[in-house]
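S.K.: Got coords19.csv for you, CSV, C-alpha atoms:
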```csv
chain,number,residue,atom,x,y,z
C,1,MET,CA,-112.7,-100.3,-157.0
C,2,ARG,CA,-116.4,-100.1,-156.6
C,3,ARG,CA,-118.7,-101.0,-159.4
C,4,SER,CA,-120.8,-98.3,-161.1
C,5,PRO,CA,-124.4,-98.0,-159.8
C,6,ASN,CA,-125.4,-97.4,-163.4
C,7,PRO,CA,-125.7,-100.4,-165.7
C,8,SER,CA,-123.1,-100.6,-168.4
C,9,LYS,CA,-124.2,-100.7,-172.0
C,10,ILE,CA,-124.4,-104.2,-173.4
C,11,ALA,CA,-124.0,-104.7,-177.1
C,12,SER,CA,-124.9,-107.9,-178.9
C,13,ILE,CA,-122.0,-109.7,-180.6
C,14,HIS,CA,-123.6,-108.8,-184.0
C,15,GLN,CA,-123.6,-105.1,-183.1
C,16,VAL,CA,-119.9,-105.3,-182.2
C,17,GLU,CA,-119.1,-107.2,-185.4
C,18,GLN,CA,-121.0,-104.6,-187.4
C,19,MET,CA,-119.2,-101.8,-185.6
C,20,ILE,CA,-115.9,-103.5,-186.5
C,21,ARG,CA,-117.0,-103.9,-190.2
C,22,ASP,CA,-118.1,-100.3,-190.4
C,23,THR,CA,-114.6,-99.2,-189.3
C,24,GLU,CA,-112.8,-101.1,-191.9
C,25,THR,CA,-113.3,-98.4,-194.4
C,26,PRO,CA,-110.6,-95.7,-194.1
C,27,GLU,CA,-112.8,-92.8,-192.8
C,28,TYR,CA,-113.2,-94.0,-189.3
C,29,SER,CA,-110.9,-95.6,-186.7
C,30,MET,CA,-112.1,-98.3,-184.4
C,31,SER,CA,-111.2,-96.4,-181.3
C,32,GLN,CA,-113.0,-93.2,-182.4
C,33,ARG,CA,-116.2,-95.2,-183.0
C,34,ILE,CA,-115.9,-96.6,-179.5
C,35,VAL,CA,-115.4,-93.1,-178.1
C,36,GLU,CA,-118.5,-91.8,-179.9
C,37,LYS,CA,-120.6,-94.7,-178.5
C,38,LEU,CA,-119.3,-94.2,-175.0
C,39,GLU,CA,-119.6,-90.4,-175.0
C,40,SER,CA,-123.0,-90.4,-176.5
C,41,LYS,CA,-124.4,-92.3,-173.6
C,42,SER,CA,-122.5,-90.9,-170.7
C,43,MET,CA,-120.4,-87.8,-171.1
C,44,PRO,CA,-121.9,-84.4,-169.9
C,45,PRO,CA,-123.2,-82.5,-172.9
C,46,GLN,CA,-121.2,-79.4,-172.1
C,47,LYS,CA,-117.9,-81.3,-172.5
C,48,PRO,CA,-116.4,-80.8,-176.0
C,49,ILE,CA,-116.2,-84.1,-177.9
C,50,PHE,CA,-112.9,-84.9,-179.5
C,51,THR,CA,-113.5,-85.8,-183.2
C,52,ARG,CA,-111.0,-87.5,-185.3
C,53,ARG,CA,-111.0,-85.8,-188.6
C,54,VAL,CA,-111.3,-88.1,-191.6
C,55,GLY,CA,-107.7,-93.5,-191.4
C,56,VAL,CA,-98.2,-95.7,-199.4
C,57,ILE,CA,-95.2,-94.7,-200.0
C,58,ALA,CA,-93.9,-94.5,-203.7
C,59,ALA,CA,-91.8,-97.4,-204.9
C,60,GLY,CA,-89.1,-94.9,-205.8
C,61,LEU,CA,-89.0,-93.5,-202.3
C,62,VAL,CA,-86.1,-95.3,-200.7
C,63,ALA,CA,-86.6,-94.2,-197.0
C,64,PHE,CA,-88.5,-91.9,-194.8
C,65,CYS,CA,-86.5,-89.0,-193.3
C,66,VAL,CA,-87.0,-89.1,-189.6
C,67,SER,CA,-88.4,-85.7,-188.5
C,68,LEU,CA,-89.4,-86.6,-184.9
C,69,THR,CA,-87.5,-84.6,-182.3
C,70,PRO,CA,-84.6,-86.3,-180.5
C,71,VAL,CA,-86.7,-86.3,-177.4
C,72,MET,CA,-89.6,-88.0,-179.2
C,73,ALA,CA,-87.3,-90.6,-180.6
C,74,GLN,CA,-85.8,-91.3,-177.2
C,75,ALA,CA,-89.3,-91.7,-175.8
C,76,ILE,CA,-90.2,-94.2,-178.4
C,77,GLU,CA,-87.1,-96.2,-177.8
C,78,ARG,CA,-87.2,-96.4,-174.0
C,79,LEU,CA,-90.8,-96.2,-172.9
C,80,SER,CA,-92.9,-99.3,-173.1
C,81,LEU,CA,-96.0,-99.3,-171.1
C,82,LEU,CA,-96.7,-103.0,-171.4
C,83,GLU,CA,-95.8,-103.8,-167.8
C,84,TYR,CA,-98.1,-101.0,-166.6
C,85,ILE,CA,-100.9,-101.4,-169.1
C,86,ASN,CA,-101.8,-105.0,-168.4
C,87,PRO,CA,-102.3,-104.7,-164.6
C,88,PHE,CA,-104.3,-101.4,-165.2
C,89,ALA,CA,-106.4,-102.9,-168.0
C,90,LYS,CA,-107.2,-106.1,-166.1
C,91,ALA,CA,-108.3,-104.1,-163.0
C,92,MET,CA,-110.4,-101.8,-165.1
C,93,LYS,CA,-112.0,-104.8,-166.8
C,94,SER,CA,-112.7,-106.9,-163.7
C,95,SER,CA,-113.9,-104.1,-161.3
C,96,PRO,CA,-114.5,-100.7,-162.9
C,97,ASN,CA,-115.4,-98.0,-160.4
C,98,GLU,CA,-118.2,-95.4,-160.7
C,99,LYS,CA,-115.9,-93.3,-162.9
C,100,VAL,CA,-115.4,-95.9,-165.6
C,101,ASP,CA,-117.8,-96.1,-168.5
C,102,THR,CA,-117.9,-99.5,-170.3
C,103,ILE,CA,-119.4,-101.4,-173.2
C,104,TYR,CA,-120.0,-105.1,-173.0
C,105,SER,CA,-120.9,-107.6,-175.8
C,106,ARG,CA,-122.4,-111.1,-175.6
C,107,ASP,CA,-120.7,-114.0,-177.3
C,108,LEU,CA,-122.5,-116.7,-179.3
C,109,ASP,CA,-123.4,-118.5,-176.1
C,110,GLY,CA,-125.0,-115.4,-174.7
C,111,ASN,CA,-122.3,-114.8,-172.1
C,112,LYS,CA,-121.5,-111.2,-171.2
C,113,LYS,CA,-118.0,-110.2,-172.3
C,114,PHE,CA,-116.0,-107.0,-171.6
C,115,HIS,CA,-115.3,-105.0,-174.7
C,116,THR,CA,-114.3,-101.4,-173.9
C,117,GLY,CA,-113.7,-99.1,-171.0
C,118,MET,CA,-113.1,-95.3,-170.7
C,119,ILE,CA,-112.0,-93.4,-167.6
C,120,PRO,CA,-111.1,-89.7,-167.0
C,121,PHE,CA,-107.3,-89.5,-166.5
C,122,GLU,CA,-107.6,-87.7,-163.2
C,123,ASP,CA,-109.6,-90.6,-161.8
C,124,ILE,CA,-107.1,-93.3,-162.5
C,125,GLU,CA,-106.1,-94.9,-159.2
C,126,ASP,CA,-103.0,-96.7,-160.5
C,127,GLN,CA,-100.4,-94.0,-159.9
C,128,GLU,CA,-97.5,-96.0,-161.6
C,129,PHE,CA,-99.5,-96.4,-164.8
C,130,LYS,CA,-100.6,-92.8,-164.6
C,131,SER,CA,-97.1,-91.6,-164.2
C,132,GLN,CA,-95.6,-93.6,-167.1
C,133,LEU,CA,-98.4,-92.6,-169.4
C,134,GLN,CA,-97.9,-88.9,-168.5
C,135,LYS,CA,-94.2,-89.2,-169.3
C,136,VAL,CA,-94.9,-90.4,-172.8
C,137,TRP,CA,-97.6,-87.8,-173.4
C,138,ASP,CA,-95.3,-84.9,-172.2
C,139,GLU,CA,-92.5,-86.0,-174.5
C,140,ILE,CA,-94.7,-86.4,-177.6
C,141,PHE,CA,-96.8,-83.3,-176.9
C,142,PRO,CA,-94.6,-80.8,-175.0
C,143,GLN,CA,-97.1,-77.9,-175.6
C,144,GLY,CA,-98.5,-78.3,-172.1
C,145,GLU,CA,-102.0,-79.7,-172.7
C,146,GLY,CA,-103.0,-82.5,-170.4
C,147,ILE,CA,-104.7,-85.9,-170.8
C,148,ASN,CA,-108.4,-85.9,-170.4
C,149,ASP,CA,-109.4,-89.6,-170.9
C,150,VAL,CA,-107.9,-93.0,-171.2
C,151,ILE,CA,-109.7,-95.6,-173.4
C,152,MET,CA,-109.0,-99.3,-173.4
C,153,TYR,CA,-110.4,-102.2,-175.3
C,154,GLU,CA,-109.5,-105.9,-175.4
C,155,TYR,CA,-109.2,-107.1,-178.9
C,156,LYS,CA,-108.1,-110.6,-177.9
C,157,PRO,CA,-107.8,-112.3,-174.5
C,158,ASN,CA,-105.5,-110.2,-172.2
C,159,THR,CA,-104.3,-108.1,-175.1
C,160,PHE,CA,-105.3,-104.5,-174.8
C,161,HIS,CA,-105.3,-101.4,-176.9
C,162,ILE,CA,-104.8,-98.1,-175.0
C,163,GLU,CA,-105.5,-94.6,-176.1
C,164,ALA,CA,-104.8,-91.4,-174.2
C,165,ARG,CA,-106.6,-88.3,-175.5
C,166,ASN,CA,-107.9,-84.8,-175.0
C,167,GLU,CA,-109.9,-82.5,-177.3
C,168,ASN,CA,-106.9,-81.8,-179.5
C,169,ASN,CA,-104.4,-84.6,-179.3
C,170,SER,CA,-104.2,-88.4,-178.8
C,171,ILE,CA,-101.7,-91.2,-178.5
C,172,GLU,CA,-102.4,-94.9,-179.2
C,173,PHE,CA,-100.5,-97.8,-177.8
C,174,ASP,CA,-100.5,-101.5,-178.9
C,175,GLN,CA,-98.7,-104.1,-176.7
C,176,GLY,CA,-97.4,-101.2,-174.7
C,177,LYS,CA,-95.7,-99.5,-177.6
C,178,TRP,CA,-96.5,-96.0,-178.9
C,179,TYR,CA,-97.4,-96.4,-182.6
C,180,TYR,CA,-99.7,-93.5,-183.6
C,181,ALA,CA,-100.4,-90.0,-182.4
C,182,GLN,CA,-102.8,-87.4,-183.7
C,183,GLN,CA,-102.3,-83.6,-183.3
C,184,THR,CA,-104.7,-80.8,-184.1
C,185,ILE,CA,-103.1,-78.1,-186.2
C,186,GLU,CA,-104.1,-74.8,-187.9
C,187,GLU,CA,-104.1,-74.7,-191.7
C,188,GLU,CA,-101.5,-71.9,-191.7
C,189,GLN,CA,-99.0,-74.3,-190.1
C,190,VAL,CA,-99.1,-76.5,-193.2
C,191,PRO,CA,-96.3,-75.6,-195.8
C,192,ASP,CA,-97.6,-74.2,-199.1
C,193,ALA,CA,-95.8,-76.9,-201.1
C,194,THR,CA,-97.7,-79.6,-199.1
C,195,LYS,CA,-101.0,-77.8,-199.8
C,196,ASP,CA,-100.1,-77.6,-203.5
C,197,ALA,CA,-99.4,-81.4,-203.6
C,198,ALA,CA,-102.8,-82.1,-202.0
C,199,ASP,CA,-104.6,-79.8,-204.5
C,200,GLN,CA,-102.9,-81.5,-207.4
C,201,ALA,CA,-104.0,-84.9,-206.2
C,202,PHE,CA,-107.5,-83.7,-205.6
C,203,HIS,CA,-107.8,-82.4,-209.2
C,204,LYS,CA,-106.6,-85.8,-210.6
C,205,VAL,CA,-109.5,-87.6,-208.8
C,206,GLY,CA,-112.1,-85.8,-210.8
C,207,ASP,CA,-113.8,-82.6,-211.8
C,208,PHE,CA,-115.4,-81.3,-208.6
C,209,LYS,CA,-115.9,-77.7,-209.3
C,210,GLU,CA,-117.6,-76.9,-206.0
C,211,SER,CA,-115.2,-77.7,-203.2
C,212,GLU,CA,-113.8,-76.5,-199.9
C,213,ARG,CA,-110.4,-77.6,-198.5
C,214,SER,CA,-109.6,-78.1,-194.8
C,215,VAL,CA,-106.7,-79.6,-192.9
C,216,SER,CA,-106.7,-79.7,-189.2
C,217,GLN,CA,-104.9,-82.9,-188.2
C,218,MET,CA,-101.3,-84.1,-188.4
C,219,ILE,CA,-100.5,-87.8,-187.8
C,220,LEU,CA,-97.2,-88.9,-186.1
C,221,ARG,CA,-95.7,-92.3,-186.2
C,222,PRO,CA,-92.3,-93.6,-184.9
C,223,ASP,CA,-89.5,-93.2,-187.4
C,224,GLN,CA,-91.6,-91.4,-190.0
C,225,ASN,CA,-92.3,-87.9,-191.2
C,226,PRO,CA,-95.7,-86.6,-190.0
C,227,VAL,CA,-98.6,-86.8,-192.4
C,228,TYR,CA,-101.1,-84.0,-192.9
C,229,LYS,CA,-104.7,-85.1,-193.4
C,230,PHE,CA,-106.6,-83.0,-196.0
C,231,VAL,CA,-110.4,-83.1,-196.5
C,232,TYR,CA,-112.0,-81.7,-199.6
C,233,HIS,CA,-115.7,-81.1,-199.1
C,234,THR,CA,-117.6,-81.3,-202.4
C,235,HIS,CA,-121.3,-81.3,-203.3
C,236,LYS,CA,-121.0,-85.0,-204.1
C,237,GLY,CA,-119.2,-86.0,-200.9
C,238,SER,CA,-115.9,-85.7,-199.2
C,239,ILE,CA,-112.5,-86.6,-200.6
C,240,LEU,CA,-109.7,-87.4,-198.2
C,241,ILE,CA,-106.0,-86.9,-199.1
C,242,ASP,CA,-103.0,-87.5,-196.9
C,243,VAL,CA,-99.7,-85.9,-197.6
C,244,GLN,CA,-96.4,-86.6,-196.0
C,245,LYS,CA,-94.4,-83.7,-194.5
C,246,ASN,CA,-91.1,-82.8,-196.3
C,247,THR,CA,-91.4,-85.4,-199.1
C,248,ASN,CA,-95.0,-84.2,-200.1
C,249,GLN,CA,-95.7,-87.8,-201.1
C,250,ILE,CA,-99.4,-88.6,-201.3
C,251,THR,CA,-100.0,-91.5,-198.9
C,252,ARG,CA,-103.7,-91.9,-199.1
C,253,VAL,CA,-106.7,-91.0,-201.4
C,254,VAL,CA,-110.3,-91.8,-200.4
C,255,ALA,CA,-112.8,-90.5,-202.9
C,256,PHE,CA,-116.3,-91.2,-201.4
C,257,PRO,CA,-118.2,-89.7,-204.4
C,258,LEU,CA,-116.7,-92.5,-206.5
C,259,SER,CA,-117.8,-95.3,-204.1
C,260,ASP,CA,-121.1,-97.2,-203.9
C,261,GLN,CA,-121.7,-95.5,-200.5
C,262,LEU,CA,-123.1,-98.7,-199.1
C,263,ASN,CA,-123.3,-97.3,-195.6
C,264,GLN,CA,-126.0,-94.9,-196.7
C,265,LEU,CA,-128.3,-97.5,-198.3
C,266,ASP,CA,-131.5,-98.4,-196.5
C,267,ASP,CA,-132.7,-100.7,-199.2
C,268,LYS,CA,-131.4,-104.1,-198.2
C,269,ASN,CA,-132.0,-105.6,-201.7
C,270,LYS,CA,-130.0,-102.9,-203.4
C,271,TYR,CA,-127.2,-103.3,-200.8
C,272,HIS,CA,-127.1,-107.1,-201.4
C,273,ASP,CA,-127.1,-106.6,-205.2
C,274,LEU,CA,-124.2,-104.2,-205.1
C,275,VAL,CA,-122.2,-106.4,-202.8
C,276,GLU,CA,-122.8,-109.4,-205.1
C,277,LYS,CA,-121.8,-107.5,-208.2
C,278,THR,CA,-118.6,-106.3,-206.4
C,279,LYS,CA,-117.7,-109.9,-205.5
C,280,THR,CA,-118.0,-111.1,-209.1
C,281,ILE,CA,-115.4,-108.6,-210.5
C,282,GLU,CA,-112.4,-110.5,-211.8
C,283,LEU,CA,-109.0,-109.9,-210.1
C,284,ASP,CA,-107.2,-109.3,-213.4
C,285,LYS,CA,-109.6,-106.5,-214.3
C,286,ILE,CA,-109.6,-104.7,-211.0
C,287,HIS,CA,-105.8,-105.2,-210.7
C,288,GLU,CA,-105.2,-103.3,-213.9
C,289,GLU,CA,-107.5,-100.5,-212.9
C,290,ALA,CA,-105.8,-100.1,-209.4
C,291,VAL,CA,-102.3,-100.0,-210.9
C,292,LYS,CA,-103.4,-97.3,-213.3
C,293,GLN,CA,-105.2,-95.3,-210.7
C,294,ALA,CA,-102.3,-95.4,-208.2
C,295,LYS,CA,-100.0,-94.0,-210.8
C,296,VAL,CA,-102.3,-91.2,-211.7
C,297,TRP,CA,-103.4,-90.2,-208.2
C,298,MET,CA,-100.2,-90.8,-206.2
C,299,ASN,CA,-97.4,-91.4,-208.7
C,300,LEU,CA,-97.2,-94.8,-207.1
C,301,ASP,CA,-95.9,-97.7,-209.2
C,302,LEU,CA,-97.6,-101.0,-208.3
C,303,ALA,CA,-96.7,-102.9,-211.5
C,304,ASP,CA,-94.2,-105.3,-209.8
C,305,TYR,CA,-96.2,-105.8,-206.6
C,306,ASN,CA,-98.1,-109.1,-205.9
C,307,VAL,CA,-101.8,-108.6,-205.6
C,308,SER,CA,-104.6,-110.5,-204.0
C,309,LYS,CA,-108.2,-110.0,-202.9
C,310,LEU,CA,-108.6,-109.6,-199.2
C,311,GLU,CA,-110.5,-112.6,-197.9
C,312,SER,CA,-112.2,-110.7,-195.0
C,313,ARG,CA,-113.7,-108.1,-197.3
C,314,PHE,CA,-115.3,-108.4,-200.7
C,315,ASP,CA,-114.1,-105.0,-202.1
C,316,THR,CA,-110.4,-104.8,-201.2
C,317,LEU,CA,-107.2,-105.5,-203.0
C,318,THR,CA,-103.9,-105.9,-201.2
C,319,PHE,CA,-100.6,-105.2,-202.9
C,320,THR,CA,-97.4,-106.6,-201.4
C,321,LYS,CA,-93.7,-106.4,-202.2
C,322,GLU,CA,-90.8,-107.5,-200.2
C,323,GLY,CA,-89.2,-104.6,-198.4
C,324,SER,CA,-92.1,-102.2,-198.9
C,325,PRO,CA,-95.3,-101.6,-196.9
C,326,ASP,CA,-98.5,-103.1,-198.2
C,327,VAL,CA,-100.9,-101.0,-200.3
C,328,THR,CA,-104.6,-101.5,-200.2
C,329,ALA,CA,-107.2,-100.4,-202.7
C,330,LEU,CA,-111.0,-100.4,-202.4
C,331,PHE,CA,-113.2,-100.9,-205.5
C,332,THR,CA,-116.9,-100.6,-206.4
C,333,SER,CA,-119.5,-102.8,-208.1
C,334,ARG,CA,-118.6,-100.9,-211.3
C,335,GLY,CA,-115.0,-102.0,-211.2
C,336,THR,CA,-113.6,-98.6,-210.3
C,337,ILE,CA,-111.2,-97.6,-207.6
C,338,TYR,CA,-112.2,-95.2,-204.9
C,339,SER,CA,-109.5,-95.6,-202.3
C,340,ILE,CA,-105.8,-96.3,-202.3
C,341,LYS,CA,-103.5,-96.1,-199.2
C,342,ILE,CA,-100.1,-97.2,-198.1
C,343,GLU,CA,-100.1,-99.1,-194.8
C,344,LEU,CA,-97.7,-96.8,-192.9
C,345,LYS,CA,-98.3,-98.6,-189.7
C,346,GLN,CA,-96.1,-101.4,-191.0
C,347,LEU,CA,-93.1,-99.0,-191.2
C,348,SER,CA,-93.6,-98.0,-187.6
C,349,GLU,CA,-93.6,-101.7,-186.6
C,350,LYS,CA,-90.5,-102.5,-188.5
C,351,GLY,CA,-88.7,-99.2,-188.2
C,352,THR,CA,-86.6,-97.8,-191.0
C,353,ASP,CA,-83.0,-98.3,-191.9
```
Can you turn what I pasted into structure tokens?

M.R.:
Amino acid sequence: MRRSPNPSKIASIHQVEQMIRDTETPEYSMSQRIVEKLESKSMPPQKPIFTRRVGVIAAGLVAFCVSLTPVMAQAIERLSLLEYINPFAKAMKSSPNEKVDTIYSRDLDGNKKFHTGMIPFEDIEDQEFKSQLQKVWDEIFPQGEGINDVIMYEYKPNTFHIEARNENNSIEFDQGKWYYAQQTIEEEQVPDATKDAADQAFHKVGDFKESERSVSQMILRPDQNPVYKFVYHTHKGSILIDVQKNTNQITRVVAFPLSDQLNQLDDKNKYHDLVEKTKTIELDKIHEEAVKQAKVWMNLDLADYNVSKLESRFDTLTFTKEGSPDVTALFTSRGTIYSIKIELKQLSEKGTD
């Protein structure tokens, strides 16, 4: 493949690190932030930009009822793209053609290093990879909409994350395995009981009299019921609530009005002060608060879970229990909880009995 005549965007390692840190909060995914960076600098303005709407299972919930169609389940079992992804990704990394848009970073020694590439699906030259990816797409999304773009980033040497997407749907692969898909839906497609469950959780978060509810995304994972993603727009900020189809279990609550909203602070001294205050909060105090809040918001009993502070972040608790997915909670400098979520990806990795 020929190299692009246009210079690829190069980001410093500090910019990349900051991008990763920014995506650790639940409202953004890493791949979507990458998409936005790539599209903002290269995509034609008339092309619609796919926006991922803003990403816990109760202790008493024994197992998830598998609601994927038999065809989808078969696709998950038999289709692994690993043998096709690695050759495609390595070629895209080493010699992108004029159709590929890329982001590079520089390591601590100043060396240029590949980070991300995106290519229109129709321009992929590797027909075997293209064919295998299309098979998975058609079985997960039989509605007939095609793939627009394929995104790839290397998160460790020769280990690639792949995402296939269009304006409405996306599928993500890790190590060649399908683990996450996102589908655009209309609100009238969501059952009334599910809407009621989301509304009840919203009212438990606080008294937000001025609000508007929307739901336009459904998340699919292997061996799990789909999850509807609700957004409540209030005059104080957005509140995100995820509800599982059929069980109506609340699987995530993110209440941005209750957070310190560090990403909006321009004052570096204030930012530093809030971070330092958050770091000093004792585990016992915030543990008790998180257990209480999980019970109120999600009817989730964390009393017999082990708890620890996440080393890589100053504001995160991790709850673990053998046989159950981890639960994470984010807290503020005031010692209050503003986000609780069940790590549903772990169920997809392990499967269900």

S.K.: Write out as JSON, numbers by chain the residues lying within 12 Å of stretch 200-212 of chain C, counting all atoms listed in the file and excluding same-chain residues fewer than 3 positions away.

M.R.: {"C": [193, 194, 195, 196, 197, 215, 230, 231, 232, 233, 234, 235, 236, 237, 238, 239, 240, 241, 242, 243, 248, 249, 250, 251, 252, 253, 254, 255, 256, 257, 258, 293, 294, 295, 296, 297, 298, 299, 336, 337, 338, 339, 340]}

S.K.: Is there a way to get, as a ChimeraX atom specification, all residues within 6 Å of the point (-108.8, -100.1, -165.6) in file coordinates, counting all atoms listed in the file?

M.R.: /C:88-89,91-93

S.K.: Store the residues of this selection in a file with C-alpha atoms, as a PDB file, keeping the file's coordinate frame.

M.R.:
```pdb
ATOM      1  CA  PHE C  88    -104.300-101.400-165.200  1.00  0.00           C
ATOM      2  CA  ALA C  89    -106.400-102.900-168.000  1.00  0.00           C
ATOM      3  CA  ALA C  91    -108.300-104.100-163.000  1.00  0.00           C
ATOM      4  CA  MET C  92    -110.400-101.800-165.100  1.00  0.00           C
ATOM      5  CA  LYS C  93    -112.000-104.800-166.800  1.00  0.00           C
TER       6      LYS C  93
END
```

S.K.: Quote the spacing between atom CA of C:Gln134 and atom CA of C:Gly146 in Å to one decimal place.

M.R.: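 We find that atom CA of C:Gln134 and atom CA of C:Gly146 lie 8.4 Å from each other.
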
S.K.: Under the rule that all atoms listed in the file are counted, which of C:Ser312, C:Thr159, C:Ser105, C:Asn246 is the nearest residue to C:Val190?

M.R.: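 With all atoms listed in the file as the atom set, the closest residue is C:Asn246.
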
S.K.: With only C-alpha atoms as the basis for distance, which of C:Asn306, C:Gln143, C:Ser216, C:Gln261 is at the shortest distance from C:Ser324?

M.R.: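 Among the listed residues, the smallest separation from C:Ser324 belongs to C:Asn306.
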
S.K.: What does the distance between atom CA of C:Tyr180 and atom CA of C:Leu220 come to in Å, to one decimal place?

M.R.: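 Taking atom CA of C:Tyr180 as the start and atom CA of C:Leu220 as the end point, the length is 5.8 Å.
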
S.K.: Which distance in Å separates atom CA of C:Phe160 and atom CA of C:Gly117, to one decimal?

M.R.: 10.7 Å

S.K.: Residues within 10 Å of C:Tyr155, please, as a PyMOL selection string. Count all atoms listed in the file; anything in the same chain fewer than 3 positions from it doesn't count.

M.R.: chain C and resi 114-116+152+158-161

S.K.: Under the rule that all atoms listed in the file are counted, which of C:Glu122, C:Asp304, C:Glu172, C:Glu186 is the nearest residue to C:Ile140?

M.R.: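 Among the listed residues, the smallest separation from C:Ile140 belongs to C:Glu172.
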
S.K.: Go through C:Glu311, C:Glu163, C:Glu288, C:Glu154 and flag the residue nearest C:Phe121, using all atoms listed in the file for the distances.

M.R.: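 Residue with the minimum atom-to-atom distance to C:Phe121: C:Glu163.
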
S.K.: Compare C:Glu125, C:Gln132, C:Tyr179, C:Ile342 by their minimum atom-to-atom distance to C:Asp223, counting all atoms listed in the file, and give me the closest one.

M.R.: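 With all atoms listed in the file as the atom set, the closest residue is C:Tyr179.
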
S.K.: Using all atoms listed in the file, which protein or nucleic acid residues come within 6 Å of C:Thr332? Drop anything in the same chain fewer than 4 positions from it, and give the result as a list of chain:residue names.

M.R.: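 Here the qualifying residues turn out to be C:Ser259, C:Asp260, C:Thr278, C:Thr336.
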
S.K.: Excluding C:Ile185 and any residue of its chain fewer than 2 positions from it, enumerate the residues within 8 Å of it, using all atoms listed in the file, and give them as a list in words.

M.R.: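 The residues satisfying every condition are Gln183, Glu187, Gln189, Val215, Ser216, Gln217 and Met218 of chain C.
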
S.K.: For C-alpha atoms, I'd like the residues from the last selection saved as a PDB file, keeping the file's coordinate frame.

M.R.:
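Result written to again.pdb:
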```pdb
ATOM      1  CA  GLN C 183    -102.300 -83.600-183.300  1.00  0.00           C
ATOM      2  CA  GLU C 187    -104.100 -74.700-191.700  1.00  0.00           C
ATOM      3  CA  GLN C 189     -99.000 -74.300-190.100  1.00  0.00           C
ATOM      4  CA  VAL C 215    -106.700 -79.600-192.900  1.00  0.00           C
ATOM      5  CA  SER C 216    -106.700 -79.700-189.200  1.00  0.00           C
ATOM      6  CA  GLN C 217    -104.900 -82.900-188.200  1.00  0.00           C
ATOM      7  CA  MET C 218    -101.300 -84.100-188.400  1.00  0.00           C
TER       8      MET C 218
END
```

S.K.: I need the residue nearest C:Phe141 from this list: C:Leu262, C:Ala181, C:Met118, C:Ile103. Use all atoms listed in the file for the distance.

M.R.: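 For C:Phe141, the nearest of the candidates is C:Ala181.
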